[in-house]
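To start, the structure itself, in structure tokens.
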Amino acid sequence: MDSKREVLAIGGSDPSGGARVQADIKTLDDIGLAGISAITAITAQNDDQVLAIHPTPADVLTQQLSTACSGKKLSAVKIGMVATKANARAIAWFLKHMDAPHIVIDPILHSSSGTSLLEADALPFYRQHLLPLATVITPNIPEASALAGMQIAGLDAMRKACEIIHRDTIKLRDKIEKPLAVIVKGGHLEGDAIDVLFDGEKYHSFTASRITGTSPRGTGCRFASAIAAHLAKGETLLTAVNRAKDYMAWYIEKAK
């Protein structure tokens with residue numbers, strides 16, 4: 001365990017352990033990094049349903065962030081479920097005062113069962129003030145469709161969505177000079193599992209053979225956390241994504 005490289009996971013709590021911050025911490029542990037966390041919402045959910053969501057008050061979230069990170073130098077931050085506009089504002093304020101080299105945002109808008117995980121009135125603030133702080137954004141097909149305002153049915157549309165999200169996010173940045181990459185995950189499409197990355201200049205595709213059977217819940221959480229972990233270890237973005245893909249293949253096979 002590399003205790004000198006701390007990764008902060010911000011997101012909801014999943015009592016079943018299949019997704020959210022519990023999956024983030026398990027992923028970081030698998031890759032050999034220490035993980036700390038802050039909870040944005042307590043949920044009652046499992047593989048089949050989301051029964052209840054209780055957002056964390058923003059002042060409590062701020063206290064979690066402050067105490068978890070006190071005296072520590074973060075190597076990366078991974079953000080998943082945010083839940084409310086107040087929480088988005090608290091996280092944005094925190095990130096501006098904590099100089100983390102890598103900020104991976106998995107824009108979780110809905111659960112796999114279709115339950116909304118971000119208040120409707122929070123989305124404009126989330127897009128305008130939180131996403132621009134990211135260095136990597138990892139939407140799946142439905143999330144990328146919502147953020148880019150288009151339907152995605154194939155590789156060309158994935159590239160276009162990457163470009164739109166990247167362009168729109170860069171425009172909203174204020175004095176932020178860190179690079180930005182957008183990765184649209186292709187797991188919702190048929191055929192091989194192809195993810196597309198756009199870094200503002202070039203497109204990169206990452207292909208893996210689709211594993212038959214039902215995928216476990218929380219793969220999006222784990223993929224983003226794996227990218228954050230490998231970036232925290234000092235790897236390049238392309239290497240981090242490739243290794244995250246390898247980790248996901250291992251995890252899905254193990255979970256079958």
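Ordering of the structure tokens sets the chain letters (A, B, ...); residue numbers start at 1 within each chain; ligands are numbered from 1 in the order shown.
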Which residues, written as a PyMOL selection string, have at least one atom at most 9 Å from range 170-176 of chain A, with only C-alpha atoms counted and residues fewer than 5 positions away on the same chain left out? chain A and resi 127-129+131-133+165
Give me, as CSV, the closest atom pair and its distance (Å, one decimal) for every residue of range 156-226 of chain A within a cut-off of 8 Å of range 12-26 of chain A, counting only C-alpha atoms, rows sorted by chain and rising number.
```
residue,atom,partner,partner_atom,distance
A:Pro216,CA,A:Gly18,CA,7.7
A:Arg217,CA,A:Gly18,CA,5.9
A:Gly218,CA,A:Ala19,CA,4.1
A:Thr219,CA,A:Ala19,CA,7.6
A:Cys221,CA,A:Arg20,CA,6.2
A:Arg222,CA,A:Asp24,CA,5.7
A:Ser225,CA,A:Asp24,CA,5.6
```
Those of range 10-248 of chain A in DSSP strand (DSSP E or B), formatted as a VMD selection string: chain A and resid 10 to 13 33 to 45 50 to 55 74 to 79 83 103 to 105 110 116 118 136 to 137 140 181 to 185 193 to 198 203 to 208
At most 6 Å is the cut-off: for each residue in range 88-185 of chain A with any atom that close to an atom of range 76-79 of chain A, write down the nearest atom pair and the distance in Å rounded to one decimal, counting only C-alpha atoms, chain first then increasing number, as a Markdown table.
```
| residue | atom | partner | partner_atom | distance |
| --- | --- | --- | --- | --- |
| A:Ala100 | CA | A:Ala76 | CA | 5.7 |
| A:His102 | CA | A:Ala76 | CA | 4.7 |
| A:Ile103 | CA | A:Val77 | CA | 4.8 |
| A:Val104 | CA | A:Lys78 | CA | 4.7 |
| A:Ile105 | CA | A:Ile79 | CA | 4.8 |
```
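CA of Gln64 in chain A to CA of Thr84 in chain A spans 16.0 Å [interatomic distance, one decimal].
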Taking 3 positions as the minimum chain separation for residues in the same chain, which residues sit within 8 Å of Ile36 in chain A when counting only C-alpha atoms? Answer as a ChimeraX atom specification. /A:6-9,25,68-69
Residues of the last selection are to be written out with N, CA, C and O atoms, as a compact mmCIF listing (two decimals), in the first residue's frame.
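The file below, part_7.txt, is the result:
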```
# COMPACT_ATOMS: atom_id res chain seq x y z
N GLU A 6 -2.20 9.89 -1.66
CA GLU A 6 -3.58 9.88 -1.18
C GLU A 6 -4.53 10.25 -2.31
O GLU A 6 -4.31 11.22 -3.05
N VAL A 7 -5.60 9.49 -2.46
CA VAL A 7 -6.65 9.79 -3.42
C VAL A 7 -7.94 10.02 -2.65
O VAL A 7 -8.35 9.19 -1.83
N LEU A 8 -8.58 11.14 -2.90
CA LEU A 8 -9.84 11.49 -2.25
C LEU A 8 -11.00 11.09 -3.14
O LEU A 8 -11.08 11.50 -4.30
N ALA A 9 -11.90 10.29 -2.59
CA ALA A 9 -13.13 9.90 -3.31
C ALA A 9 -14.30 10.65 -2.71
O ALA A 9 -14.56 10.56 -1.50
N ILE A 25 -13.23 3.12 -2.93
CA ILE A 25 -12.20 2.74 -1.96
C ILE A 25 -11.68 1.33 -2.24
O ILE A 25 -10.47 1.07 -2.14
N ALA A 68 -10.88 15.21 6.48
CA ALA A 68 -10.26 14.10 5.74
C ALA A 68 -8.93 14.50 5.13
O ALA A 68 -7.99 13.70 5.06
N CYS A 69 -8.85 15.76 4.67
CA CYS A 69 -7.67 16.20 3.93
C CYS A 69 -6.70 17.03 4.76
O CYS A 69 -5.69 17.51 4.23
```
Quick one: pick out all helix (DSSP H, G or I) residues within range 68-241 of chain A from a backbone DSSP run and write them as a JSON list (two decimals) with N, CA, C and O atoms, in the first residue's frame.
```json
[["chain", "number", "residue", "atom", "x", "y", "z"],
["A", 68, "ALA", "N", -10.88, 15.21, 6.48],
["A", 68, "ALA", "CA", -10.26, 14.10, 5.74],
["A", 68, "ALA", "C", -8.93, 14.50, 5.13],
["A", 68, "ALA", "O", -7.99, 13.70, 5.06],
["A", 69, "CYS", "N", -8.85, 15.76, 4.67],
["A", 69, "CYS", "CA", -7.67, 16.20, 3.93],
["A", 69, "CYS", "C", -6.70, 17.03, 4.76],
["A", 69, "CYS", "O", -5.69, 17.51, 4.23],
["A", 85, "LYS", "N", -27.24, 20.97, -5.46],
["A", 85, "LYS", "CA", -26.53, 22.19, -5.87],
["A", 85, "LYS", "C", -25.64, 22.68, -4.74],
["A", 85, "LYS", "O", -24.50, 23.13, -4.98],
["A", 86, "ALA", "N", -26.13, 22.63, -3.51],
["A", 86, "ALA", "CA", -25.34, 23.08, -2.37],
["A", 86, "ALA", "C", -24.06, 22.25, -2.23],
["A", 86, "ALA", "O", -22.99, 22.79, -1.92],
["A", 87, "ASN", "N", -24.16, 20.95, -2.48],
["A", 87, "ASN", "CA", -22.98, 20.10, -2.41],
["A", 87, "ASN", "C", -22.01, 20.40, -3.55],
["A", 87, "ASN", "O", -20.79, 20.39, -3.36],
["A", 88, "ALA", "N", -22.56, 20.65, -4.74],
["A", 88, "ALA", "CA", -21.70, 21.02, -5.87],
["A", 88, "ALA", "C", -20.93, 22.29, -5.56],
["A", 88, "ALA", "O", -19.73, 22.41, -5.86],
["A", 89, "ARG", "N", -21.61, 23.24, -4.93],
["A", 89, "ARG", "CA", -20.95, 24.50, -4.57],
["A", 89, "ARG", "C", -19.85, 24.26, -3.52],
["A", 89, "ARG", "O", -18.75, 24.82, -3.62],
["A", 90, "ALA", "N", -20.14, 23.41, -2.53],
["A", 90, "ALA", "CA", -19.15, 23.12, -1.49],
["A", 90, "ALA", "C", -17.92, 22.42, -2.07],
["A", 90, "ALA", "O", -16.78, 22.74, -1.70],
["A", 91, "ILE", "N", -18.15, 21.48, -2.98],
["A", 91, "ILE", "CA", -17.03, 20.76, -3.59],
["A", 91, "ILE", "C", -16.20, 21.70, -4.46],
["A", 91, "ILE", "O", -14.96, 21.66, -4.44],
["A", 92, "ALA", "N", -16.87, 22.55, -5.23],
["A", 92, "ALA", "CA", -16.15, 23.50, -6.09],
["A", 92, "ALA", "C", -15.28, 24.42, -5.25],
["A", 92, "ALA", "O", -14.12, 24.69, -5.59],
["A", 93, "TRP", "N", -15.83, 24.93, -4.14],
["A", 93, "TRP", "CA", -15.05, 25.80, -3.25],
["A", 93, "TRP", "C", -13.84, 25.06, -2.70],
["A", 93, "TRP", "O", -12.72, 25.59, -2.68],
["A", 94, "PHE", "N", -14.05, 23.81, -2.28],
["A", 94, "PHE", "CA", -12.96, 23.01, -1.73],
["A", 94, "PHE", "C", -11.85, 22.79, -2.76],
["A", 94, "PHE", "O", -10.66, 22.96, -2.46],
["A", 95, "LEU", "N", -12.22, 22.41, -3.98],
["A", 95, "LEU", "CA", -11.23, 22.11, -5.01],
["A", 95, "LEU", "C", -10.40, 23.34, -5.36],
["A", 95, "LEU", "O", -9.21, 23.22, -5.67],
["A", 96, "LYS", "N", -11.01, 24.50, -5.30],
["A", 96, "LYS", "CA", -10.27, 25.72, -5.62],
["A", 96, "LYS", "C", -9.24, 26.05, -4.55],
["A", 96, "LYS", "O", -8.28, 26.79, -4.82],
["A", 97, "HIS", "N", -9.42, 25.51, -3.36],
["A", 97, "HIS", "CA", -8.49, 25.77, -2.27],
["A", 97, "HIS", "C", -7.56, 24.59, -1.99],
["A", 97, "HIS", "O", -6.66, 24.70, -1.14],
["A", 120, "ALA", "N", -32.50, 18.39, -10.24],
["A", 120, "ALA", "CA", -32.64, 19.03, -11.55],
["A", 120, "ALA", "C", -32.09, 20.45, -11.55],
["A", 120, "ALA", "O", -31.42, 20.87, -12.51],
["A", 121, "ASP", "N", -32.32, 21.20, -10.47],
["A", 121, "ASP", "CA", -31.85, 22.58, -10.45],
["A", 121, "ASP", "C", -30.35, 22.68, -10.17],
["A", 121, "ASP", "O", -29.77, 23.78, -10.21],
["A", 122, "ALA", "N", -29.70, 21.55, -9.91],
["A", 122, "ALA", "CA", -28.26, 21.56, -9.66],
["A", 122, "ALA", "C", -27.45, 21.45, -10.94],
["A", 122, "ALA", "O", -26.28, 21.83, -10.97],
["A", 123, "LEU", "N", -28.06, 20.94, -12.01],
["A", 123, "LEU", "CA", -27.29, 20.66, -13.23],
["A", 123, "LEU", "C", -26.63, 21.89, -13.83],
["A", 123, "LEU", "O", -25.45, 21.84, -14.19],
["A", 124, "PRO", "N", -27.31, 23.04, -13.96],
["A", 124, "PRO", "CA", -26.64, 24.21, -14.52],
["A", 124, "PRO", "C", -25.40, 24.63, -13.72],
["A", 124, "PRO", "O", -24.34, 24.91, -14.31],
["A", 125, "PHE", "N", -25.52, 24.67, -12.40],
["A", 125, "PHE", "CA", -24.36, 25.02, -11.57],
["A", 125, "PHE", "C", -23.26, 23.98, -11.72],
["A", 125, "PHE", "O", -22.07, 24.31, -11.84],
["A", 126, "TYR", "N", -23.64, 22.72, -11.70],
["A", 126, "TYR", "CA", -22.69, 21.60, -11.85],
["A", 126, "TYR", "C", -21.89, 21.74, -13.14],
["A", 126, "TYR", "O", -20.65, 21.61, -13.14],
["A", 127, "ARG", "N", -22.57, 22.05, -14.23],
["A", 127, "ARG", "CA", -21.90, 22.17, -15.52],
["A", 127, "ARG", "C", -21.04, 23.43, -15.59],
["A", 127, "ARG", "O", -19.96, 23.41, -16.19],
["A", 128, "GLN", "N", -21.50, 24.51, -15.00],
["A", 128, "GLN", "CA", -20.81, 25.78, -15.12],
["A", 128, "GLN", "C", -19.66, 25.96, -14.14],
["A", 128, "GLN", "O", -18.69, 26.67, -14.45],
["A", 129, "HIS", "N", -19.73, 25.32, -12.97],
["A", 129, "HIS", "CA", -18.76, 25.61, -11.93],
["A", 129, "HIS", "C", -17.97, 24.40, -11.42],
["A", 129, "HIS", "O", -16.86, 24.59, -10.89],
["A", 130, "LEU", "N", -18.51, 23.20, -11.58],
["A", 130, "LEU", "CA", -17.79, 22.02, -11.09],
["A", 130, "LEU", "C", -17.04, 21.32, -12.21],
["A", 130, "LEU", "O", -15.83, 21.06, -12.09],
["A", 131, "LEU", "N", -17.72, 21.02, -13.32],
["A", 131, "LEU", "CA", -17.04, 20.33, -14.42],
["A", 131, "LEU", "C", -15.79, 21.07, -14.91],
["A", 131, "LEU", "O", -14.79, 20.42, -15.25],
["A", 132, "PRO", "N", -15.78, 22.41, -14.98],
["A", 132, "PRO", "CA", -14.58, 23.09, -15.46],
["A", 132, "PRO", "C", -13.34, 22.89, -14.59],
["A", 132, "PRO", "O", -12.22, 23.16, -15.02],
["A", 133, "LEU", "N", -13.52, 22.41, -13.36],
["A", 133, "LEU", "CA", -12.38, 22.15, -12.48],
["A", 133, "LEU", "C", -11.73, 20.80, -12.76],
["A", 133, "LEU", "O", -10.64, 20.52, -12.26],
["A", 141, "ILE", "N", -22.63, 6.72, -22.06],
["A", 141, "ILE", "CA", -23.39, 7.18, -23.23],
["A", 141, "ILE", "C", -24.59, 8.06, -22.84],
["A", 141, "ILE", "O", -24.74, 9.17, -23.37],
["A", 142, "PRO", "N", -25.45, 7.65, -21.91],
["A", 142, "PRO", "CA", -26.57, 8.53, -21.53],
["A", 142, "PRO", "C", -26.11, 9.85, -20.95],
["A", 142, "PRO", "O", -26.69, 10.91, -21.23],
["A", 143, "GLU", "N", -25.06, 9.84, -20.12],
["A", 143, "GLU", "CA", -24.56, 11.07, -19.53],
["A", 143, "GLU", "C", -23.96, 11.98, -20.58],
["A", 143, "GLU", "O", -24.18, 13.21, -20.57],
["A", 144, "ALA", "N", -23.20, 11.39, -21.51],
["A", 144, "ALA", "CA", -22.60, 12.19, -22.58],
["A", 144, "ALA", "C", -23.69, 12.77, -23.48],
["A", 144, "ALA", "O", -23.57, 13.91, -23.95],
["A", 145, "SER", "N", -24.74, 12.01, -23.72],
["A", 145, "SER", "CA", -25.85, 12.51, -24.53],
["A", 145, "SER", "C", -26.48, 13.73, -23.87],
["A", 145, "SER", "O", -26.79, 14.72, -24.53],
["A", 146, "ALA", "N", -26.68, 13.67, -22.55],
["A", 146, "ALA", "CA", -27.28, 14.79, -21.82],
["A", 146, "ALA", "C", -26.36, 16.00, -21.82],
["A", 146, "ALA", "O", -26.80, 17.14, -22.03],
["A", 147, "LEU", "N", -25.07, 15.79, -21.60],
["A", 147, "LEU", "CA", -24.13, 16.90, -21.52],
["A", 147, "LEU", "C", -23.86, 17.54, -22.89],
["A", 147, "LEU", "O", -23.67, 18.76, -22.99],
["A", 148, "ALA", "N", -23.85, 16.71, -23.94],
["A", 148, "ALA", "CA", -23.57, 17.23, -25.28],
["A", 148, "ALA", "C", -24.83, 17.65, -26.02],
["A", 148, "ALA", "O", -24.74, 18.33, -27.04],
["A", 155, "LEU", "N", -19.52, 5.18, -32.92],
["A", 155, "LEU", "CA", -18.20, 5.74, -32.65],
["A", 155, "LEU", "C", -18.07, 7.19, -33.09],
["A", 155, "LEU", "O", -17.50, 8.02, -32.37],
["A", 156, "ASP", "N", -18.60, 7.53, -34.25],
["A", 156, "ASP", "CA", -18.50, 8.92, -34.73],
["A", 156, "ASP", "C", -19.22, 9.87, -33.79],
["A", 156, "ASP", "O", -18.74, 10.98, -33.49],
["A", 157, "ALA", "N", -20.39, 9.47, -33.31],
["A", 157, "ALA", "CA", -21.15, 10.31, -32.38],
["A", 157, "ALA", "C", -20.44, 10.42, -31.04],
["A", 157, "ALA", "O", -20.49, 11.47, -30.38],
["A", 158, "MET", "N", -19.75, 9.37, -30.61],
["A", 158, "MET", "CA", -18.99, 9.43, -29.37],
["A", 158, "MET", "C", -17.88, 10.47, -29.49],
["A", 158, "MET", "O", -17.65, 11.26, -28.57],
["A", 159, "ARG", "N", -17.19, 10.48, -30.64],
["A", 159, "ARG", "CA", -16.14, 11.47, -30.85],
["A", 159, "ARG", "C", -16.72, 12.89, -30.83],
["A", 159, "ARG", "O", -16.14, 13.80, -30.23],
["A", 160, "LYS", "N", -17.85, 13.06, -31.50],
["A", 160, "LYS", "CA", -18.47, 14.39, -31.54],
["A", 160, "LYS", "C", -18.88, 14.84, -30.15],
["A", 160, "LYS", "O", -18.68, 16.01, -29.78],
["A", 161, "ALA", "N", -19.45, 13.93, -29.37],
["A", 161, "ALA", "CA", -19.87, 14.28, -28.01],
["A", 161, "ALA", "C", -18.66, 14.66, -27.16],
["A", 161, "ALA", "O", -18.72, 15.62, -26.37],
["A", 162, "CYS", "N", -17.57, 13.91, -27.29],
["A", 162, "CYS", "CA", -16.34, 14.24, -26.58],
["A", 162, "CYS", "C", -15.92, 15.68, -26.88],
["A", 162, "CYS", "O", -15.58, 16.46, -25.98],
["A", 163, "GLU", "N", -15.94, 16.02, -28.15],
["A", 163, "GLU", "CA", -15.50, 17.34, -28.59],
["A", 163, "GLU", "C", -16.41, 18.44, -28.05],
["A", 163, "GLU", "O", -15.94, 19.49, -27.59],
["A", 164, "ILE", "N", -17.72, 18.21, -28.09],
["A", 164, "ILE", "CA", -18.67, 19.21, -27.60],
["A", 164, "ILE", "C", -18.50, 19.44, -26.10],
["A", 164, "ILE", "O", -18.45, 20.57, -25.62],
["A", 165, "ILE", "N", -18.42, 18.35, -25.33],
["A", 165, "ILE", "CA", -18.27, 18.47, -23.88],
["A", 165, "ILE", "C", -16.95, 19.16, -23.54],
["A", 165, "ILE", "O", -16.90, 20.04, -22.66],
["A", 166, "HIS", "N", -15.89, 18.80, -24.24],
["A", 166, "HIS", "CA", -14.59, 19.42, -24.02],
["A", 166, "HIS", "C", -14.65, 20.92, -24.33],
["A", 166, "HIS", "O", -14.23, 21.75, -23.52],
["A", 167, "ARG", "N", -15.21, 21.26, -25.48],
["A", 167, "ARG", "CA", -15.30, 22.67, -25.89],
["A", 167, "ARG", "C", -16.13, 23.48, -24.91],
["A", 167, "ARG", "O", -15.72, 24.56, -24.47],
["A", 168, "ASP", "N", -17.29, 22.96, -24.55],
["A", 168, "ASP", "CA", -18.18, 23.70, -23.65],
["A", 168, "ASP", "C", -17.57, 23.88, -22.26],
["A", 168, "ASP", "O", -17.78, 24.91, -21.61],
["A", 169, "THR", "N", -16.84, 22.87, -21.80],
["A", 169, "THR", "CA", -16.23, 22.93, -20.47],
["A", 169, "THR", "C", -15.05, 23.90, -20.45],
["A", 169, "THR", "O", -14.90, 24.70, -19.51],
["A", 170, "ILE", "N", -14.22, 23.84, -21.47],
["A", 170, "ILE", "CA", -13.06, 24.75, -21.56],
["A", 170, "ILE", "C", -13.52, 26.21, -21.57],
["A", 170, "ILE", "O", -12.91, 27.08, -20.94],
["A", 171, "LYS", "N", -14.61, 26.49, -22.26],
["A", 171, "LYS", "CA", -15.12, 27.86, -22.34],
["A", 171, "LYS", "C", -15.48, 28.43, -20.98],
["A", 171, "LYS", "O", -15.45, 29.65, -20.78],
["A", 219, "THR", "N", -19.48, -0.31, -12.31],
["A", 219, "THR", "CA", -18.30, -0.33, -13.18],
["A", 219, "THR", "C", -17.84, 1.08, -13.54],
["A", 219, "THR", "O", -16.63, 1.33, -13.66],
["A", 220, "GLY", "N", -18.77, 2.01, -13.71],
["A", 220, "GLY", "CA", -18.39, 3.38, -14.01],
["A", 220, "GLY", "C", -17.62, 4.02, -12.87],
["A", 220, "GLY", "O", -16.63, 4.73, -13.08],
["A", 221, "CYS", "N", -18.08, 3.77, -11.64],
["A", 221, "CYS", "CA", -17.38, 4.28, -10.46],
["A", 221, "CYS", "C", -15.96, 3.75, -10.41],
["A", 221, "CYS", "O", -14.99, 4.50, -10.19],
["A", 222, "ARG", "N", -15.83, 2.45, -10.62],
["A", 222, "ARG", "CA", -14.52, 1.82, -10.52],
["A", 222, "ARG", "C", -13.59, 2.28, -11.65],
["A", 222, "ARG", "O", -12.38, 2.47, -11.43],
["A", 223, "PHE", "N", -14.11, 2.44, -12.85],
["A", 223, "PHE", "CA", -13.28, 2.87, -13.98],
["A", 223, "PHE", "C", -12.67, 4.24, -13.71],
["A", 223, "PHE", "O", -11.47, 4.46, -13.87],
["A", 224, "ALA", "N", -13.51, 5.18, -13.28],
["A", 224, "ALA", "CA", -13.01, 6.53, -12.98],
["A", 224, "ALA", "C", -12.02, 6.50, -11.82],
["A", 224, "ALA", "O", -11.01, 7.21, -11.84],
["A", 225, "SER", "N", -12.30, 5.70, -10.80],
["A", 225, "SER", "CA", -11.39, 5.60, -9.66],
["A", 225, "SER", "C", -10.05, 4.98, -10.07],
["A", 225, "SER", "O", -8.99, 5.38, -9.58],
["A", 226, "ALA", "N", -10.11, 4.01, -10.97],
["A", 226, "ALA", "CA", -8.87, 3.37, -11.44],
["A", 226, "ALA", "C", -8.02, 4.37, -12.23],
["A", 226, "ALA", "O", -6.79, 4.39, -12.11],
["A", 227, "ILE", "N", -8.68, 5.20, -13.04],
["A", 227, "ILE", "CA", -7.93, 6.24, -13.77],
["A", 227, "ILE", "C", -7.28, 7.19, -12.78],
["A", 227, "ILE", "O", -6.09, 7.52, -12.90],
["A", 228, "ALA", "N", -8.04, 7.64, -11.79],
["A", 228, "ALA", "CA", -7.50, 8.55, -10.77],
["A", 228, "ALA", "C", -6.32, 7.90, -10.05],
["A", 228, "ALA", "O", -5.31, 8.56, -9.77],
["A", 229, "ALA", "N", -6.44, 6.61, -9.72],
["A", 229, "ALA", "CA", -5.37, 5.92, -9.01],
["A", 229, "ALA", "C", -4.09, 5.88, -9.82],
["A", 229, "ALA", "O", -2.99, 6.15, -9.30],
["A", 230, "HIS", "N", -4.20, 5.54, -11.09],
["A", 230, "HIS", "CA", -3.00, 5.44, -11.92],
["A", 230, "HIS", "C", -2.40, 6.80, -12.23],
["A", 230, "HIS", "O", -1.17, 6.94, -12.33],
["A", 231, "LEU", "N", -3.24, 7.82, -12.35],
["A", 231, "LEU", "CA", -2.71, 9.18, -12.48],
["A", 231, "LEU", "C", -1.97, 9.58, -11.21],
["A", 231, "LEU", "O", -0.91, 10.22, -11.26],
["A", 232, "ALA", "N", -2.51, 9.21, -10.07],
["A", 232, "ALA", "CA", -1.88, 9.53, -8.79],
["A", 232, "ALA", "C", -0.51, 8.86, -8.67],
["A", 232, "ALA", "O", 0.39, 9.38, -7.98],
["A", 237, "LEU", "N", -1.80, 9.98, -18.90],
["A", 237, "LEU", "CA", -3.24, 9.74, -19.03],
["A", 237, "LEU", "C", -3.53, 8.51, -19.88],
["A", 237, "LEU", "O", -4.36, 7.68, -19.51],
["A", 238, "LEU", "N", -2.85, 8.37, -21.01],
["A", 238, "LEU", "CA", -3.14, 7.22, -21.89],
["A", 238, "LEU", "C", -2.79, 5.91, -21.19],
["A", 238, "LEU", "O", -3.54, 4.93, -21.31],
["A", 239, "THR", "N", -1.69, 5.88, -20.46],
["A", 239, "THR", "CA", -1.33, 4.68, -19.72],
["A", 239, "THR", "C", -2.35, 4.42, -18.62],
["A", 239, "THR", "O", -2.77, 3.27, -18.39],
["A", 240, "ALA", "N", -2.77, 5.48, -17.93],
["A", 240, "ALA", "CA", -3.75, 5.32, -16.85],
["A", 240, "ALA", "C", -5.06, 4.75, -17.36],
["A", 240, "ALA", "O", -5.65, 3.87, -16.73],
["A", 241, "VAL", "N", -5.52, 5.22, -18.52],
["A", 241, "VAL", "CA", -6.77, 4.71, -19.08],
["A", 241, "VAL", "C", -6.61, 3.25, -19.51],
["A", 241, "VAL", "O", -7.49, 2.41, -19.26]]
```
So that I can see what lies close to range 201-209 of chain A, please list as JSON, numbers by chain the residues with an atom at most 10 Å from it, counting only C-alpha atoms and leaving out residues fewer than 3 positions away in the same chain. {"A": [155, 159, 162, 163, 181, 182, 183, 184, 185, 186, 191, 192, 193, 194, 195, 196, 197, 198, 212, 238, 241, 242, 245, 246, 248, 249]}
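For the pair CA of Ala34 in chain A and CA of Thr236 in chain A, the interatomic distance is 19.7 Å.
Note that CA of Pro139 in chain A and CA of Gly80 in chain A are 10.5 Å apart.
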